[in-house]
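Shown next: final-v6.txt, given as compact mmCIF, C-alpha atoms.
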```
# COMPACT_ATOMS: atom_id res chain seq x y z
CA MET A 141 80.08 80.10 88.53
CA PRO A 142 77.11 80.11 90.94
CA LYS A 143 74.71 82.98 90.34
CA ASN A 144 74.64 83.86 94.06
CA ALA A 145 78.44 84.24 94.13
CA ILE A 146 78.24 86.64 91.19
CA ASN A 147 75.42 88.59 92.84
CA LEU A 148 77.24 88.83 96.16
CA LYS A 149 80.46 89.98 94.51
CA ARG A 150 78.56 92.72 92.68
CA MET A 151 76.75 93.73 95.88
CA ILE A 152 80.08 94.03 97.70
CA GLY A 153 81.48 95.97 94.76
CA VAL A 154 78.97 98.81 94.98
CA HIS A 155 79.80 99.59 98.63
CA HIS A 156 82.81 101.22 100.26
CA GLY A 157 82.68 98.92 103.25
CA VAL A 158 81.18 95.64 104.34
CA LEU A 159 80.04 94.36 107.74
CA ILE A 160 80.22 90.59 108.18
CA VAL A 161 78.46 89.16 111.22
CA THR A 162 79.05 85.51 112.03
CA PRO A 163 77.86 83.04 114.62
CA GLU A 164 80.23 80.75 116.49
CA TYR A 165 79.68 77.02 116.74
CA ASN A 166 81.90 74.70 118.79
CA SER A 167 84.64 77.34 119.12
CA SER A 168 84.87 78.13 115.41
CA GLY A 169 83.00 79.74 112.55
CA ALA A 170 80.05 78.24 110.73
CA ALA A 171 81.30 75.13 108.92
CA PHE A 172 79.97 76.07 105.49
CA GLY A 173 79.51 79.75 106.13
CA HIS A 174 81.88 82.63 105.61
CA GLY A 175 84.90 80.62 104.42
CA ASN A 176 83.13 78.99 101.48
CA THR A 177 81.24 82.17 100.65
CA ILE A 178 84.44 84.21 100.51
CA ASP A 179 86.16 81.49 98.46
CA TRP A 180 83.40 81.62 95.84
CA VAL A 181 83.35 85.43 95.69
CA THR A 182 87.13 85.58 95.13
CA ARG A 183 86.62 83.48 92.01
CA VAL A 184 84.19 85.91 90.40
CA GLN A 185 86.43 87.98 88.17
CA ASP A 186 85.44 90.54 85.56
CA ALA A 187 87.68 90.95 82.52
CA HIS A 188 89.47 94.07 83.83
CA GLU A 189 90.08 92.74 87.36
CA ILE A 190 92.63 90.65 89.17
CA ARG A 191 91.34 87.70 91.18
CA GLY A 192 89.76 88.81 94.47
CA GLN A 193 90.02 92.50 93.62
CA VAL A 194 86.67 93.25 95.25
CA PHE A 195 88.25 92.41 98.64
CA ARG A 196 91.29 94.59 98.06
CA GLU A 197 89.28 97.76 97.51
CA ARG A 198 86.97 97.73 100.55
CA ALA A 199 87.11 98.02 104.30
CA PHE A 200 85.59 95.14 106.24
CA ALA A 201 84.17 95.29 109.76
CA ILE A 202 83.53 92.02 111.57
CA ALA A 203 81.26 91.00 114.43
CA ALA A 204 80.09 87.78 116.03
CA ALA A 205 77.53 86.51 118.48
CA SER A 206 77.70 83.41 120.62
CA GLU A 207 76.05 81.80 123.60
CA SER A 208 79.52 81.47 125.17
CA ARG A 209 81.38 84.01 127.26
CA PHE A 210 83.84 84.53 124.41
CA GLY A 211 81.11 86.04 122.24
CA GLY A 212 82.41 84.57 119.00
CA ALA A 213 85.96 85.88 119.37
CA ARG A 214 87.42 82.59 118.13
CA SER A 215 85.20 82.71 115.06
CA LEU A 216 86.32 86.29 114.43
CA ALA A 217 89.96 85.26 114.52
CA ALA A 218 89.29 82.71 111.77
CA LEU A 219 87.27 85.21 109.72
CA ARG A 220 89.97 87.88 110.06
CA LEU A 221 92.57 85.37 108.84
CA ILE A 222 90.48 84.48 105.77
CA LEU A 223 89.84 88.13 104.86
CA THR A 224 93.49 89.08 105.40
CA ALA A 225 94.52 86.25 103.07
CA CYS A 226 92.27 87.89 100.45
CA HIS A 227 94.19 91.17 100.95
CA ALA A 228 91.14 92.84 102.48
CA THR A 229 91.48 95.76 104.85
CA VAL A 230 89.91 94.54 108.08
CA ILE A 231 89.11 97.21 110.65
CA PRO A 232 91.06 96.44 113.87
CA ASP A 233 88.07 96.94 116.19
CA GLN A 234 85.54 94.15 116.25
CA LEU A 235 82.40 93.22 118.19
CA ALA A 236 82.04 89.92 120.04
CA LEU A 237 78.62 89.60 121.68
CA SER A 238 78.76 87.19 124.64
CA PHE A 239 75.74 85.27 125.90
CA ALA A 240 73.82 86.35 122.81
CA GLY A 241 70.64 84.58 123.88
CA GLU A 242 70.44 86.89 126.88
CA ALA A 243 71.67 90.05 125.17
CA TYR A 244 68.28 91.57 124.37
CA ASP A 245 65.52 92.55 126.76
CA ASP A 246 61.78 92.00 126.23
CA MET A 247 61.66 95.15 124.06
CA ASP A 248 64.47 93.84 121.80
CA ARG A 249 66.93 96.39 123.13
CA LEU A 250 70.58 95.34 123.40
```

What would you get if you wrote out this structure as structure tokens?
Amino acid sequence: MPKNAINLKRMIGVHHGVLIVTPEYNSSGAAFGHGNTIDWVTRVQDAHEIRGQVFRERAFAIAAASESRFGGARSLAALRLILTACHATVIPDQLALSFAGEAYDDMDRL
């Protein structure tokens, strides 16, 4: 088991909720990003746990940023599907930041 998967699972485990922010590339999520990361974390299982238990016991908020007008909404749909398959509670509201490259002013204010 990769050490980083174990560390991430433990980090998730000490919090009541998790915010996942993802980019969007070519109308979908990062190719080797959240999907593979979540897959690895579901495989980290302590002796007293069922597989993927860390996802079942937390609330997840999701957000995305994209240069497109959709703001990563298509990436969020894929991420929501993956988390739901892990039996995670995904908060219904989400943030999709359109035209992310233009979203901040010169003072780094959104």

What is the distance between CA of Arg183 in chain A and CA of His156 in chain A, in Å to one decimal?
-> 19.9 Å

From the list A:Asp186, A:Asp179, A:Asp245, A:Glu197, which residue is nearest Ala145 in chain A when using only C-alpha atoms?
-> A:Asp179

Quick one: pull the distance between CA of Val230 in chain A and CA of Ile190 in chain A, Å, one decimal.
-> 19.5 Å

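Of note, CA of Tyr165 in chain A and CA of Ser206 in chain A are spaced 7.7 Å apart.
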
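When all atoms listed in the file are used to measure the gap to Val181 in chain A, the shortest distance among A:Phe200, A:Arg220, A:Thr229, A:Arg150 belongs to A:Arg150.
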
Could you give me, as a ChimeraX atom specification, the residues within 10 Å of Ile231 in chain A, counting all atoms listed in the file and dropping anything in the same chain fewer than 3 positions from it?
-> /A:157,159,199-202,220,228,234

Next, the residues of the selection above should be written as a PDB file, in the coordinates of the input with C-alpha atoms.
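Saved as again25.pdb:
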```pdb
ATOM      1  CA  GLY A 157      82.680  98.920 103.250  1.00  0.00           C
ATOM      2  CA  LEU A 159      80.040  94.360 107.740  1.00  0.00           C
ATOM      3  CA  ALA A 199      87.110  98.020 104.300  1.00  0.00           C
ATOM      4  CA  PHE A 200      85.590  95.140 106.240  1.00  0.00           C
ATOM      5  CA  ALA A 201      84.170  95.290 109.760  1.00  0.00           C
ATOM      6  CA  ILE A 202      83.530  92.020 111.570  1.00  0.00           C
ATOM      7  CA  ARG A 220      89.970  87.880 110.060  1.00  0.00           C
ATOM      8  CA  ALA A 228      91.140  92.840 102.480  1.00  0.00           C
ATOM      9  CA  GLN A 234      85.540  94.150 116.250  1.00  0.00           C
TER      10      GLN A 234
END
```

Cut-off 12 Å around (78.3, 86.7, 107.1) with only C-alpha atoms: residues as a PyMOL selection string | chain A and resi 148+158-164+169-170+172-178+200-205+215-216+219+223

Pick the closest to Ser208 in chain A from A:Thr182, A:Ser238, A:Thr224, A:Gln193: which is it, counting only C-alpha atoms?
-> A:Ser238

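Between Gly211 in chain A and the candidates A:Ala236, A:Ile146, A:Ala187, A:Ala225, the tightest atom-to-atom separation, counting all atoms listed in the file, involves A:Ala236.
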
The centre and edge lengths of an axis-aligned box containing all atoms of range 194-205 of chain A present in the file, extended by 6 Å on each side, are to be given in Å to one decimal, as AutoDock Vina command-line options.
```
--center_x 84.4 --center_y 92.3 --center_z 106.9 --size_x 25.8 --size_y 23.5 --size_z 35.2
```

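Using all atoms listed in the file, the shortest contact distance between Pro142 in chain A and any of A:Arg196, A:Trp180, A:Tyr244, A:Ile222 is found at A:Trp180.
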